[in-house]
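Structure below is coords11.pdb: PDB, C-alpha atoms and all ligand atoms.
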ATOM      1  CA  MET A   1      72.359 219.187  19.270  1.00  0.00           C
ATOM      2  CA  LYS A   2      75.834 220.503  18.567  1.00  0.00           C
ATOM      3  CA  PRO A   3      76.746 224.140  17.904  1.00  0.00           C
ATOM      4  CA  ILE A   4      77.475 225.112  14.301  1.00  0.00           C
ATOM      5  CA  ILE A   5      80.794 226.901  13.875  1.00  0.00           C
ATOM      6  CA  ALA A   6      81.148 229.113  10.792  1.00  0.00           C
ATOM      7  CA  ILE A   7      84.826 229.081   9.733  1.00  0.00           C
ATOM      8  CA  THR A   8      86.075 231.623   7.218  1.00  0.00           C
ATOM      9  CA  ALA A   9      87.969 230.126   4.291  1.00  0.00           C
ATOM     10  CA  CYS A  10      91.427 231.003   3.045  1.00  0.00           C
ATOM     11  CA  ALA A  11      91.540 232.632  -0.405  1.00  0.00           C
ATOM     12  CA  GLU A  12      93.671 231.052  -3.097  1.00  0.00           C
ATOM     13  CA  ASP A  13      95.155 232.813  -6.120  1.00  0.00           C
ATOM     14  CA  ASP A  14      92.174 231.946  -8.348  1.00  0.00           C
ATOM     15  CA  LEU A  15      89.828 233.037  -5.500  1.00  0.00           C
ATOM     16  CA  SER A  16      88.913 229.469  -4.652  1.00  0.00           C
ATOM     17  CA  SER A  17      88.121 228.975  -0.959  1.00  0.00           C
ATOM     18  CA  ARG A  18      90.003 226.371   1.054  1.00  0.00           C
ATOM     19  CA  LEU A  19      90.577 225.422   4.693  1.00  0.00           C
ATOM     20  CA  ASN A  20      93.356 223.459   6.388  1.00  0.00           C
ATOM     21  CA  LYS A  21      91.973 220.312   7.986  1.00  0.00           C
ATOM     22  CA  ALA A  22      93.363 221.293  11.394  1.00  0.00           C
ATOM     23  CA  TYR A  23      90.565 223.883  11.834  1.00  0.00           C
ATOM     24  CA  SER A  24      87.657 221.566  11.076  1.00  0.00           C
ATOM     25  CA  LYS A  25      89.222 218.694  13.047  1.00  0.00           C
ATOM     26  CA  SER A  26      89.779 220.881  16.111  1.00  0.00           C
ATOM     27  CA  VAL A  27      86.143 222.092  16.032  1.00  0.00           C
ATOM     28  CA  LEU A  28      84.855 218.534  15.565  1.00  0.00           C
ATOM     29  CA  ASP A  29      87.006 217.198  18.410  1.00  0.00           C
ATOM     30  CA  ALA A  30      85.688 219.984  20.684  1.00  0.00           C
ATOM     31  CA  GLY A  31      82.076 218.989  19.955  1.00  0.00           C
ATOM     32  CA  GLY A  32      81.079 221.467  17.252  1.00  0.00           C
ATOM     33  CA  ILE A  33      79.981 221.143  13.624  1.00  0.00           C
ATOM     34  CA  PRO A  34      82.296 223.096  11.303  1.00  0.00           C
ATOM     35  CA  ILE A  35      80.953 224.781   8.166  1.00  0.00           C
ATOM     36  CA  ILE A  36      83.256 226.602   5.764  1.00  0.00           C
ATOM     37  CA  ILE A  37      82.221 230.082   4.605  1.00  0.00           C
ATOM     38  CA  PRO A  38      83.530 230.882   1.111  1.00  0.00           C
ATOM     39  CA  LEU A  39      84.285 234.242  -0.504  1.00  0.00           C
ATOM     40  CA  ASP A  40      81.638 236.474  -2.103  1.00  0.00           C
ATOM     41  CA  VAL A  41      78.925 236.033   0.543  1.00  0.00           C
ATOM     42  CA  GLU A  42      79.283 239.425   2.245  1.00  0.00           C
ATOM     43  CA  ALA A  43      75.735 240.472   1.258  1.00  0.00           C
ATOM     44  CA  ASP A  44      74.322 237.392   3.008  1.00  0.00           C
ATOM     45  CA  VAL A  45      76.195 237.335   6.309  1.00  0.00           C
ATOM     46  CA  GLU A  46      73.057 237.899   8.424  1.00  0.00           C
ATOM     47  CA  GLN A  47      71.418 234.770   7.050  1.00  0.00           C
ATOM     48  CA  ILE A  48      74.640 232.776   7.427  1.00  0.00           C
ATOM     49  CA  LEU A  49      75.004 233.814  11.065  1.00  0.00           C
ATOM     50  CA  ALA A  50      71.329 233.061  11.693  1.00  0.00           C
ATOM     51  CA  ILE A  51      72.156 229.366  11.178  1.00  0.00           C
ATOM     52  CA  SER A  52      75.491 229.591  13.050  1.00  0.00           C
ATOM     53  CA  ASP A  53      76.381 229.616  16.753  1.00  0.00           C
ATOM     54  CA  GLY A  54      80.021 230.716  16.646  1.00  0.00           C
ATOM     55  CA  LEU A  55      82.417 232.468  14.222  1.00  0.00           C
ATOM     56  CA  LEU A  56      85.986 231.262  13.720  1.00  0.00           C
ATOM     57  CA  LEU A  57      88.244 233.687  11.838  1.00  0.00           C
ATOM     58  CA  SER A  58      90.984 231.526  10.316  1.00  0.00           C
ATOM     59  CA  GLY A  59      94.562 232.328   9.378  1.00  0.00           C
ATOM     60  CA  GLY A  60      95.829 233.423   5.989  1.00  0.00           C
ATOM     61  CA  HIS A  61      97.214 236.318   3.994  1.00  0.00           C
ATOM     62  CA  ASP A  62      97.647 239.975   4.917  1.00  0.00           C
ATOM     63  CA  VAL A  63      94.842 242.467   5.525  1.00  0.00           C
ATOM     64  CA  HIS A  64      94.622 245.305   2.981  1.00  0.00           C
ATOM     65  CA  PRO A  65      96.156 248.375   4.694  1.00  0.00           C
ATOM     66  CA  PHE A  66      93.373 250.621   3.328  1.00  0.00           C
ATOM     67  CA  HIS A  67      91.193 249.094   6.056  1.00  0.00           C
ATOM     68  CA  PHE A  68      93.360 250.698   8.746  1.00  0.00           C
ATOM     69  CA  GLY A  69      94.108 253.967   6.980  1.00  0.00           C
ATOM     70  CA  ALA A  70      97.557 253.059   5.623  1.00  0.00           C
ATOM     71  CA  GLU A  71      99.274 252.613   2.285  1.00  0.00           C
ATOM     72  CA  PRO A  72     101.215 249.433   1.456  1.00  0.00           C
ATOM     73  CA  SER A  73     104.699 249.013   2.910  1.00  0.00           C
ATOM     74  CA  PRO A  74     107.253 247.353   0.559  1.00  0.00           C
ATOM     75  CA  LYS A  75     107.081 244.262   2.807  1.00  0.00           C
ATOM     76  CA  LEU A  76     103.298 243.840   2.611  1.00  0.00           C
ATOM     77  CA  GLY A  77     102.451 240.293   1.527  1.00  0.00           C
ATOM     78  CA  GLN A  78      99.639 238.987  -0.697  1.00  0.00           C
ATOM     79  CA  ILE A  79      96.245 240.588  -0.104  1.00  0.00           C
ATOM     80  CA  TYR A  80      92.762 239.505  -1.205  1.00  0.00           C
ATOM     81  CA  PRO A  81      90.176 242.320  -0.921  1.00  0.00           C
ATOM     82  CA  GLU A  82      87.426 239.719  -1.471  1.00  0.00           C
ATOM     83  CA  ARG A  83      88.402 237.919   1.727  1.00  0.00           C
ATOM     84  CA  ASP A  84      88.653 241.147   3.728  1.00  0.00           C
ATOM     85  CA  ALA A  85      85.124 242.067   2.592  1.00  0.00           C
ATOM     86  CA  VAL A  86      83.441 238.868   3.731  1.00  0.00           C
ATOM     87  CA  GLU A  87      85.371 238.626   7.019  1.00  0.00           C
ATOM     88  CA  LEU A  88      84.762 242.270   7.996  1.00  0.00           C
ATOM     89  CA  ALA A  89      81.031 241.833   7.281  1.00  0.00           C
ATOM     90  CA  LEU A  90      80.866 238.575   9.283  1.00  0.00           C
ATOM     91  CA  THR A  91      82.824 240.029  12.203  1.00  0.00           C
ATOM     92  CA  ASN A  92      80.716 243.181  12.475  1.00  0.00           C
ATOM     93  CA  ALA A  93      77.496 241.164  12.293  1.00  0.00           C
ATOM     94  CA  ALA A  94      78.719 238.615  14.864  1.00  0.00           C
ATOM     95  CA  ILE A  95      79.712 241.401  17.278  1.00  0.00           C
ATOM     96  CA  THR A  96      76.230 242.951  16.950  1.00  0.00           C
ATOM     97  CA  ARG A  97      74.686 239.555  17.751  1.00  0.00           C
ATOM     98  CA  LYS A  98      77.114 239.023  20.674  1.00  0.00           C
ATOM     99  CA  MET A  99      77.957 235.685  19.026  1.00  0.00           C
ATOM    100  CA  PRO A 100      81.139 233.933  20.224  1.00  0.00           C
ATOM    101  CA  ILE A 101      84.167 234.797  18.059  1.00  0.00           C
ATOM    102  CA  PHE A 102      87.527 233.007  17.999  1.00  0.00           C
ATOM    103  CA  GLY A 103      90.231 234.624  15.875  1.00  0.00           C
ATOM    104  CA  ILE A 104      93.392 232.807  14.826  1.00  0.00           C
ATOM    105  CA  CYS A 105      96.533 234.499  13.390  1.00  0.00           C
ATOM    106  CA  ARG A 106      95.113 236.673  10.604  1.00  0.00           C
ATOM    107  CA  GLY A 107      91.921 236.462  12.702  1.00  0.00           C
ATOM    108  CA  ILE A 108      93.400 238.564  15.545  1.00  0.00           C
ATOM    109  CA  GLN A 109      94.537 241.127  12.990  1.00  0.00           C
ATOM    110  CA  LEU A 110      91.154 241.182  11.230  1.00  0.00           C
ATOM    111  CA  LEU A 111      89.296 241.564  14.554  1.00  0.00           C
ATOM    112  CA  ASN A 112      91.535 244.475  15.583  1.00  0.00           C
ATOM    113  CA  VAL A 113      91.016 246.216  12.221  1.00  0.00           C
ATOM    114  CA  ALA A 114      87.239 245.585  12.283  1.00  0.00           C
ATOM    115  CA  LEU A 115      87.111 247.396  15.645  1.00  0.00           C
ATOM    116  CA  GLY A 116      89.222 250.355  14.471  1.00  0.00           C
ATOM    117  CA  GLY A 117      92.787 249.311  15.342  1.00  0.00           C
ATOM    118  CA  THR A 118      95.879 249.222  13.110  1.00  0.00           C
ATOM    119  CA  LEU A 119      98.561 246.672  12.157  1.00  0.00           C
ATOM    120  CA  TYR A 120     102.276 246.469  11.621  1.00  0.00           C
ATOM    121  CA  GLN A 121     102.398 245.389   7.986  1.00  0.00           C
ATOM    122  CA  ASP A 122     105.774 243.752   8.622  1.00  0.00           C
ATOM    123  CA  ILE A 123     107.099 243.491  12.160  1.00  0.00           C
ATOM    124  CA  GLU A 124     110.767 243.034  11.199  1.00  0.00           C
ATOM    125  CA  THR A 125     110.853 246.426   9.469  1.00  0.00           C
ATOM    126  CA  GLU A 126     108.233 248.347  11.485  1.00  0.00           C
ATOM    127  CA  PHE A 127     108.331 247.069  15.078  1.00  0.00           C
ATOM    128  CA  LYS A 128     111.169 248.596  17.039  1.00  0.00           C
ATOM    129  CA  SER A 129     112.534 246.057  19.514  1.00  0.00           C
ATOM    130  CA  ARG A 130     116.094 245.157  20.511  1.00  0.00           C
ATOM    131  CA  ASN A 131     115.059 241.599  21.242  1.00  0.00           C
ATOM    132  CA  LEU A 132     112.661 240.814  18.398  1.00  0.00           C
ATOM    133  CA  LEU A 133     111.875 237.085  18.249  1.00  0.00           C
ATOM    134  CA  LYS A 134     111.543 234.892  15.166  1.00  0.00           C
ATOM    135  CA  HIS A 135     107.797 234.987  14.452  1.00  0.00           C
ATOM    136  CA  THR A 136     107.913 233.132  11.122  1.00  0.00           C
ATOM    137  CA  GLN A 137     109.130 229.782  12.326  1.00  0.00           C
ATOM    138  CA  GLN A 138     110.668 227.171  10.066  1.00  0.00           C
ATOM    139  CA  ALA A 139     109.832 224.337  12.479  1.00  0.00           C
ATOM    140  CA  ALA A 140     106.879 222.030  11.789  1.00  0.00           C
ATOM    141  CA  ARG A 141     103.431 223.584  12.277  1.00  0.00           C
ATOM    142  CA  GLY A 142     102.615 221.907  15.580  1.00  0.00           C
ATOM    143  CA  VAL A 143     105.916 222.823  17.258  1.00  0.00           C
ATOM    144  CA  ALA A 144     105.954 225.616  19.869  1.00  0.00           C
ATOM    145  CA  THR A 145     108.868 227.976  19.224  1.00  0.00           C
ATOM    146  CA  HIS A 146     108.324 231.011  21.475  1.00  0.00           C
ATOM    147  CA  TYR A 147     106.575 231.726  24.782  1.00  0.00           C
ATOM    148  CA  VAL A 148     103.700 234.058  25.516  1.00  0.00           C
ATOM    149  CA  THR A 149     102.953 235.529  28.934  1.00  0.00           C
ATOM    150  CA  ILE A 150      99.272 235.603  29.784  1.00  0.00           C
ATOM    151  CA  GLY A 151      97.763 238.480  31.753  1.00  0.00           C
ATOM    152  CA  HIS A 152      95.511 238.065  34.780  1.00  0.00           C
ATOM    153  CA  ASP A 153      91.748 238.544  34.890  1.00  0.00           C
ATOM    154  CA  ASN A 154      90.892 237.600  31.324  1.00  0.00           C
ATOM    155  CA  VAL A 155      89.109 234.711  29.640  1.00  0.00           C
ATOM    156  CA  LEU A 156      92.386 233.357  28.234  1.00  0.00           C
ATOM    157  CA  MET A 157      93.807 232.938  31.752  1.00  0.00           C
ATOM    158  CA  ASP A 158      90.488 231.376  32.866  1.00  0.00           C
ATOM    159  CA  ILE A 159      90.845 228.758  30.101  1.00  0.00           C
ATOM    160  CA  ILE A 160      94.576 228.048  30.245  1.00  0.00           C
ATOM    161  CA  GLU A 161      95.152 228.535  34.005  1.00  0.00           C
ATOM    162  CA  GLN A 162      98.865 229.179  33.655  1.00  0.00           C
ATOM    163  CA  GLY A 163     100.928 232.305  33.196  1.00  0.00           C
ATOM    164  CA  GLN A 164     103.182 231.221  30.359  1.00  0.00           C
ATOM    165  CA  ILE A 165     102.762 228.787  27.458  1.00  0.00           C
ATOM    166  CA  GLY A 166     104.785 227.857  24.380  1.00  0.00           C
ATOM    167  CA  VAL A 167     103.162 228.671  21.026  1.00  0.00           C
ATOM    168  CA  ASN A 168     103.917 228.278  17.339  1.00  0.00           C
ATOM    169  CA  SER A 169     104.385 231.404  15.213  1.00  0.00           C
ATOM    170  CA  TYR A 170     103.641 232.053  11.533  1.00  0.00           C
ATOM    171  CA  HIS A 171     103.080 235.761  11.188  1.00  0.00           C
ATOM    172  CA  HIS A 172     104.952 238.780   9.852  1.00  0.00           C
ATOM    173  CA  GLN A 173     102.109 241.159  10.720  1.00  0.00           C
ATOM    174  CA  ALA A 174     100.871 242.007  14.223  1.00  0.00           C
ATOM    175  CA  ILE A 175      98.653 244.455  16.095  1.00  0.00           C
ATOM    176  CA  ASN A 176     100.065 247.992  16.245  1.00  0.00           C
ATOM    177  CA  VAL A 177      97.421 250.343  17.691  1.00  0.00           C
ATOM    178  CA  LEU A 178      95.005 248.215  19.703  1.00  0.00           C
ATOM    179  CA  ALA A 179      91.297 248.794  19.038  1.00  0.00           C
ATOM    180  CA  GLN A 180      89.619 250.679  21.892  1.00  0.00           C
ATOM    181  CA  LYS A 181      87.297 247.833  22.838  1.00  0.00           C
ATOM    182  CA  LEU A 182      90.015 245.160  22.922  1.00  0.00           C
ATOM    183  CA  LEU A 183      92.258 244.278  25.865  1.00  0.00           C
ATOM    184  CA  VAL A 184      95.691 242.629  25.645  1.00  0.00           C
ATOM    185  CA  ALA A 185      95.507 239.063  26.995  1.00  0.00           C
ATOM    186  CA  ALA A 186      99.019 237.830  26.131  1.00  0.00           C
ATOM    187  CA  LYS A 187     102.335 239.128  24.814  1.00  0.00           C
ATOM    188  CA  SER A 188     105.624 237.582  23.687  1.00  0.00           C
ATOM    189  CA  SER A 189     108.857 238.672  25.400  1.00  0.00           C
ATOM    190  CA  ASP A 190     109.636 241.207  22.646  1.00  0.00           C
ATOM    191  CA  GLY A 191     106.366 243.047  23.290  1.00  0.00           C
ATOM    192  CA  ILE A 192     104.290 241.753  20.361  1.00  0.00           C
ATOM    193  CA  ILE A 193     100.581 241.409  21.218  1.00  0.00           C
ATOM    194  CA  GLU A 194      99.839 237.694  20.906  1.00  0.00           C
ATOM    195  CA  ALA A 195      96.255 237.507  22.264  1.00  0.00           C
ATOM    196  CA  VAL A 196      93.326 239.873  22.838  1.00  0.00           C
ATOM    197  CA  VAL A 197      89.867 239.719  24.371  1.00  0.00           C
ATOM    198  CA  HIS A 198      86.896 242.050  23.878  1.00  0.00           C
ATOM    199  CA  GLU A 199      86.171 244.238  26.908  1.00  0.00           C
ATOM    200  CA  SER A 200      82.478 243.364  27.153  1.00  0.00           C
ATOM    201  CA  LEU A 201      81.379 240.555  24.814  1.00  0.00           C
ATOM    202  CA  PRO A 202      80.789 237.188  26.553  1.00  0.00           C
ATOM    203  CA  PHE A 203      83.320 235.323  24.360  1.00  0.00           C
ATOM    204  CA  CYS A 204      85.480 237.197  21.870  1.00  0.00           C
ATOM    205  CA  LEU A 205      89.051 235.906  21.955  1.00  0.00           C
ATOM    206  CA  ALA A 206      91.789 236.044  19.345  1.00  0.00           C
ATOM    207  CA  VAL A 207      95.320 234.675  19.307  1.00  0.00           C
ATOM    208  CA  GLN A 208      98.283 235.369  17.052  1.00  0.00           C
ATOM    209  CA  TRP A 209      99.441 231.737  17.056  1.00  0.00           C
ATOM    210  CA  HIS A 210      97.879 228.604  15.484  1.00  0.00           C
ATOM    211  CA  PRO A 211      96.268 226.481  18.248  1.00  0.00           C
ATOM    212  CA  GLU A 212      94.543 224.309  15.614  1.00  0.00           C
ATOM    213  CA  GLU A 213      97.946 223.001  14.501  1.00  0.00           C
ATOM    214  CA  GLN A 214      99.092 222.479  18.097  1.00  0.00           C
ATOM    215  CA  ALA A 215      95.811 220.660  18.869  1.00  0.00           C
ATOM    216  CA  LEU A 216      96.347 218.431  15.840  1.00  0.00           C
ATOM    217  CA  ALA A 217      99.784 217.613  17.244  1.00  0.00           C
ATOM    218  CA  GLY A 218      98.161 216.594  20.567  1.00  0.00           C
ATOM    219  CA  ASP A 219      98.657 219.754  22.651  1.00  0.00           C
ATOM    220  CA  ASP A 220      96.143 219.795  25.539  1.00  0.00           C
ATOM    221  CA  ILE A 221      96.203 223.573  26.071  1.00  0.00           C
ATOM    222  CA  ALA A 222      95.345 224.198  22.415  1.00  0.00           C
ATOM    223  CA  LYS A 223      92.475 221.712  22.712  1.00  0.00           C
ATOM    224  CA  LYS A 224      91.205 223.620  25.777  1.00  0.00           C
ATOM    225  CA  LEU A 225      90.940 226.797  23.688  1.00  0.00           C
ATOM    226  CA  PHE A 226      88.727 225.082  21.110  1.00  0.00           C
ATOM    227  CA  LYS A 227      86.644 223.463  23.855  1.00  0.00           C
ATOM    228  CA  ALA A 228      86.049 226.835  25.525  1.00  0.00           C
ATOM    229  CA  PHE A 229      85.011 228.406  22.196  1.00  0.00           C
ATOM    230  CA  VAL A 230      82.695 225.545  21.232  1.00  0.00           C
ATOM    231  CA  ASP A 231      81.186 225.479  24.751  1.00  0.00           C
ATOM    232  CA  ALA A 232      80.540 229.245  24.543  1.00  0.00           C
ATOM    233  CA  SER A 233      78.906 228.673  21.135  1.00  0.00           C
ATOM    234  CA  MET A 234      76.680 225.974  22.660  1.00  0.00           C
ATOM    235  CA  LYS A 235      75.644 228.375  25.410  1.00  0.00           C
ATOM    236  CA  PHE A 236      74.887 231.036  22.784  1.00  0.00           C
ATOM    237  CA  LYS A 237      72.796 228.520  20.827  1.00  0.00           C
ATOM    238  CA  ARG A 238      70.719 227.615  23.902  1.00  0.00           C
ATOM    239  CA  GLU A 239      70.114 231.224  24.882  1.00  0.00           C
ATOM    240  CA  SER A 240      69.292 232.665  21.461  1.00  0.00           C
TER     241      SER A 240
HETATM  242 MN    MN A 301     104.490 235.055  17.361  1.00  0.00          MN
END
Now, as a test, write the supplied structure out as structure tokens.
Amino acid sequence: MKPIIAITACAEDDLSSRLNKAYSKSVLDAGGIPIIIPLDVEADVEQILAISDGLLLSGGHDVHPFHFGAEPSPKLGQIYPERDAVELALTNAAITRKMPIFGICRGIQLLNVALGGTLYQDIETEFKSRNLLKHTQQAARGVATHYVTIGHDNVLMDIIEQGQIGVNSYHHQAINVLAQKLLVAAKSSDGIIEAVVHESLPFCLAVQWHPEEQALAGDDIAKKLFKAFVDASMKFKRES
């Protein structure tokens, strides 16, 4: 038996649900079965999670600032309240079940907001740093363009086993006020939070970069992240 990984879909303009192949391929290669969760299922998240073993929050558009007590900055990008609704419901339900969660890009932002934190709506205009890096790279999706430094004593360090790695970067939002129950696991040199872990859940990890694209390009560290998540989901399946 393989663990079933529920992956949230990206919303399109007509509210169709779609998913880049890199997510499903990375889950498959790590030994899991990916299923894509579309929009409009927020009333049924308990039943969906009852047949799932892990939750993968995928990348995509901006989170509506109402969810973290803010009004829209002029640099806020496209938002889809329908996607926020289903992902917040899934995340809260998965946390209650202590189900493994892996957040990617928008996923780290969504997790932080679900737990009461806030976001920079646009880091170039809101994040004060003299050495701000380019976080919206123009290089191909699998190419690492900036480094992150990984802290000690967290699950990310346990998986990666090295203090600094190169990552890709496709975000103009980032964590501002960190949710109380999250801990910083990695930062870029300009001070942006690039990875978090939950203080007490067995596996709840989120990263600001796109390991699924790096895995697709053959990156072994990115593959290790998916393996750790799918393995944790298998453990959850056996024990629940
Ligand atoms: Mn970045």
Just so the selection is clear, what residues does the PyMOL selection byres (((chain A and resi 40) around 8) and not hetatm) cover here, as a ChimeraX atom specification? /A:38-39,41-43,82-83,86
For the residues in that selection, give me C-alpha atoms as a PDB file, in the coordinates of the input.
ATOM      1  CA  PRO A  38      83.530 230.882   1.111  1.00  0.00           C
ATOM      2  CA  LEU A  39      84.285 234.242  -0.504  1.00  0.00           C
ATOM      3  CA  VAL A  41      78.925 236.033   0.543  1.00  0.00           C
ATOM      4  CA  GLU A  42      79.283 239.425   2.245  1.00  0.00           C
ATOM      5  CA  ALA A  43      75.735 240.472   1.258  1.00  0.00           C
ATOM      6  CA  GLU A  82      87.426 239.719  -1.471  1.00  0.00           C
ATOM      7  CA  ARG A  83      88.402 237.919   1.727  1.00  0.00           C
ATOM      8  CA  VAL A  86      83.441 238.868   3.731  1.00  0.00           C
TER       9      VAL A  86
END
Mind checking which residues fall within 9 Å of region 104-113 of chain A, counting all atoms listed in the file, ignoring those fewer than 6 positions away in the same chain, and posting them as a PyMOL selection string? chain A and resi 56-63+67-68+84+87-88+91-92+119+169-171+173-175+177-179+182+194-196+205-212
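Closest approach to ligand MN 301 (chain A) among A:Asn168, A:Ser17, A:Ser24, A:Thr118: A:Asn168, based on only C-alpha atoms and all ligand atoms.
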Counting all atoms listed in the file, give me one row per residue of region 178-228 of chain A with an atom at most 8 Å from an atom of region 140-147 of chain A, showing the shortest contact pair and its distance in Å to one decimal, sorted by chain then residue number, as a tab-separated table.
residue	atom	partner	partner_atom	distance
A:Ser188	CA	A:Tyr147	CA	6.0
A:Ser189	CA	A:Tyr147	CA	7.3
A:Glu213	CA	A:Gly142	CA	4.9
A:Gln214	CA	A:Gly142	CA	4.4
A:Ala215	CA	A:Gly142	CA	7.7
A:Leu216	CA	A:Gly142	CA	7.2
A:Ala217	CA	A:Gly142	CA	5.4
For C-alpha atoms, I'd like the residues from the last selection saved as a CSV table (one decimal), keeping the file's coordinate frame.
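Heads up, here's the output in part-v7.csv:
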chain,number,residue,atom,x,y,z
A,188,SER,CA,105.6,237.6,23.7
A,189,SER,CA,108.9,238.7,25.4
A,213,GLU,CA,97.9,223.0,14.5
A,214,GLN,CA,99.1,222.5,18.1
A,215,ALA,CA,95.8,220.7,18.9
A,216,LEU,CA,96.3,218.4,15.8
A,217,ALA,CA,99.8,217.6,17.2
I'd like to see the residues matched by the PyMOL selection byres (((chain A and resi 73) around 12) and not hetatm) on this file, and ideally I'd get them as a VMD selection string. chain A and resid 62 64 to 66 70 to 72 74 to 78 119 to 126 173
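Distance check against Met99 (chain A) using all atoms listed in the file: of A:Gly54, A:Gly191, A:Gly218, A:Gly117, the minimum falls on A:Gly54.
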What gap, in Å, lies between CA of Cys10 (chain A) and CA of Gly103 (chain A)? 13.4 Å
With the file shown as input, list the residues that the PyMOL selection byres (((chain A and resi 27) around 9) and not hetatm) selects, as a PyMOL selection string. chain A and resi 5+22-26+28-34+212+226-227+229-230
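Nearest residue to ligand MN 301 (chain A), choosing from A:Val148, A:Cys204, A:Met157, A:Leu225 and counting only C-alpha atoms and all ligand atoms: A:Val148.
Note that CA of Ser129 (chain A) and CA of Val155 (chain A) are 27.9 Å apart.
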Restricting to only C-alpha atoms, whichever of A:Val167, A:Ala50, A:Ile192, A:Ala232 is closest to Phe127 (chain A) is A:Ile192
Report the distance between CA of Lys187 (chain A) and CA of Gly151 (chain A) in Å, rounded to one decimal place. 8.3 Å
Would you kindly return, as a PDB file with C-alpha atoms, in the frame of the given file, each protein, DNA or RNA residue with an atom no farther than 10 Å from any atom of Ile51 (chain A), considering all atoms listed in the file and excluding same-chain residues fewer than 6 positions away?
ATOM      1  CA  PRO A   3      76.746 224.140  17.904  1.00  0.00           C
ATOM      2  CA  ILE A   4      77.475 225.112  14.301  1.00  0.00           C
ATOM      3  CA  ILE A   5      80.794 226.901  13.875  1.00  0.00           C
ATOM      4  CA  ALA A   6      81.148 229.113  10.792  1.00  0.00           C
ATOM      5  CA  LYS A 237      72.796 228.520  20.827  1.00  0.00           C
TER       6      LYS A 237
END
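Remark: for ligand MN 301 (chain A), the closest of the candidate residues A:Arg18, A:Lys2, A:Lys134, A:Lys98 is A:Lys134 (distances computed over all atoms listed in the file).
When all atoms listed in the file are used to measure the gap to ligand MN 301 (chain A), the shortest distance among A:Ser233, A:Leu201, A:Leu156, A:His135 belongs to A:His135.
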Kindly provide, as JSON, the centre and edge lengths (Å, one decimal) of an axis-aligned box around all atoms of region 40-57 of chain A given in the file, with 4 Å on each side.
{"center_x": 79.8, "center_y": 234.9, "center_z": 7.3, "size_x": 24.9, "size_y": 19.1, "size_z": 26.9}
What would region 141-153 of chain A look like if you wrote it out as a CSV table (one decimal), in the first residue's frame, with N, CA and C atoms included, from the block I just posted?
chain,number,residue,atom,x,y,z
A,141,ARG,N,12.8,27.1,-14.3
A,141,ARG,CA,12.2,26.7,-13.1
A,141,ARG,C,13.0,25.8,-12.2
A,142,GLY,N,13.8,25.0,-12.8
A,142,GLY,CA,14.6,24.1,-12.0
A,142,GLY,C,16.0,24.6,-11.5
A,143,VAL,N,16.3,25.9,-11.9
A,143,VAL,CA,17.6,26.4,-11.6
A,143,VAL,C,17.6,27.1,-10.3
A,144,ALA,N,18.6,26.8,-9.4
A,144,ALA,CA,18.7,27.4,-8.1
A,144,ALA,C,19.4,28.8,-8.4
A,145,THR,N,18.8,29.9,-7.7
A,145,THR,CA,19.3,31.2,-8.0
A,145,THR,C,19.7,31.9,-6.7
A,146,HIS,N,19.2,31.5,-5.5
A,146,HIS,CA,19.8,32.1,-4.3
A,146,HIS,C,20.0,31.0,-3.2
A,147,TYR,N,20.7,31.3,-2.2
A,147,TYR,CA,21.0,30.3,-1.1
A,147,TYR,C,20.0,30.5,0.0
A,148,VAL,N,19.8,29.4,0.8
A,148,VAL,CA,19.1,29.5,2.1
A,148,VAL,C,20.0,28.9,3.1
A,149,THR,N,20.0,29.5,4.3
A,149,THR,CA,20.8,28.9,5.4
A,149,THR,C,19.8,28.2,6.3
A,150,ILE,N,20.1,26.9,6.6
A,150,ILE,CA,19.2,26.1,7.4
A,150,ILE,C,19.6,26.1,8.9
A,151,GLY,N,18.6,26.3,9.7
A,151,GLY,CA,18.9,26.3,11.2
A,151,GLY,C,19.2,24.9,11.7
A,152,HIS,N,19.7,24.8,12.9
A,152,HIS,CA,19.9,23.5,13.5
A,152,HIS,C,18.7,23.0,14.2
A,153,ASP,N,18.7,21.7,14.6
A,153,ASP,CA,17.6,21.1,15.4
A,153,ASP,C,16.2,21.3,14.8
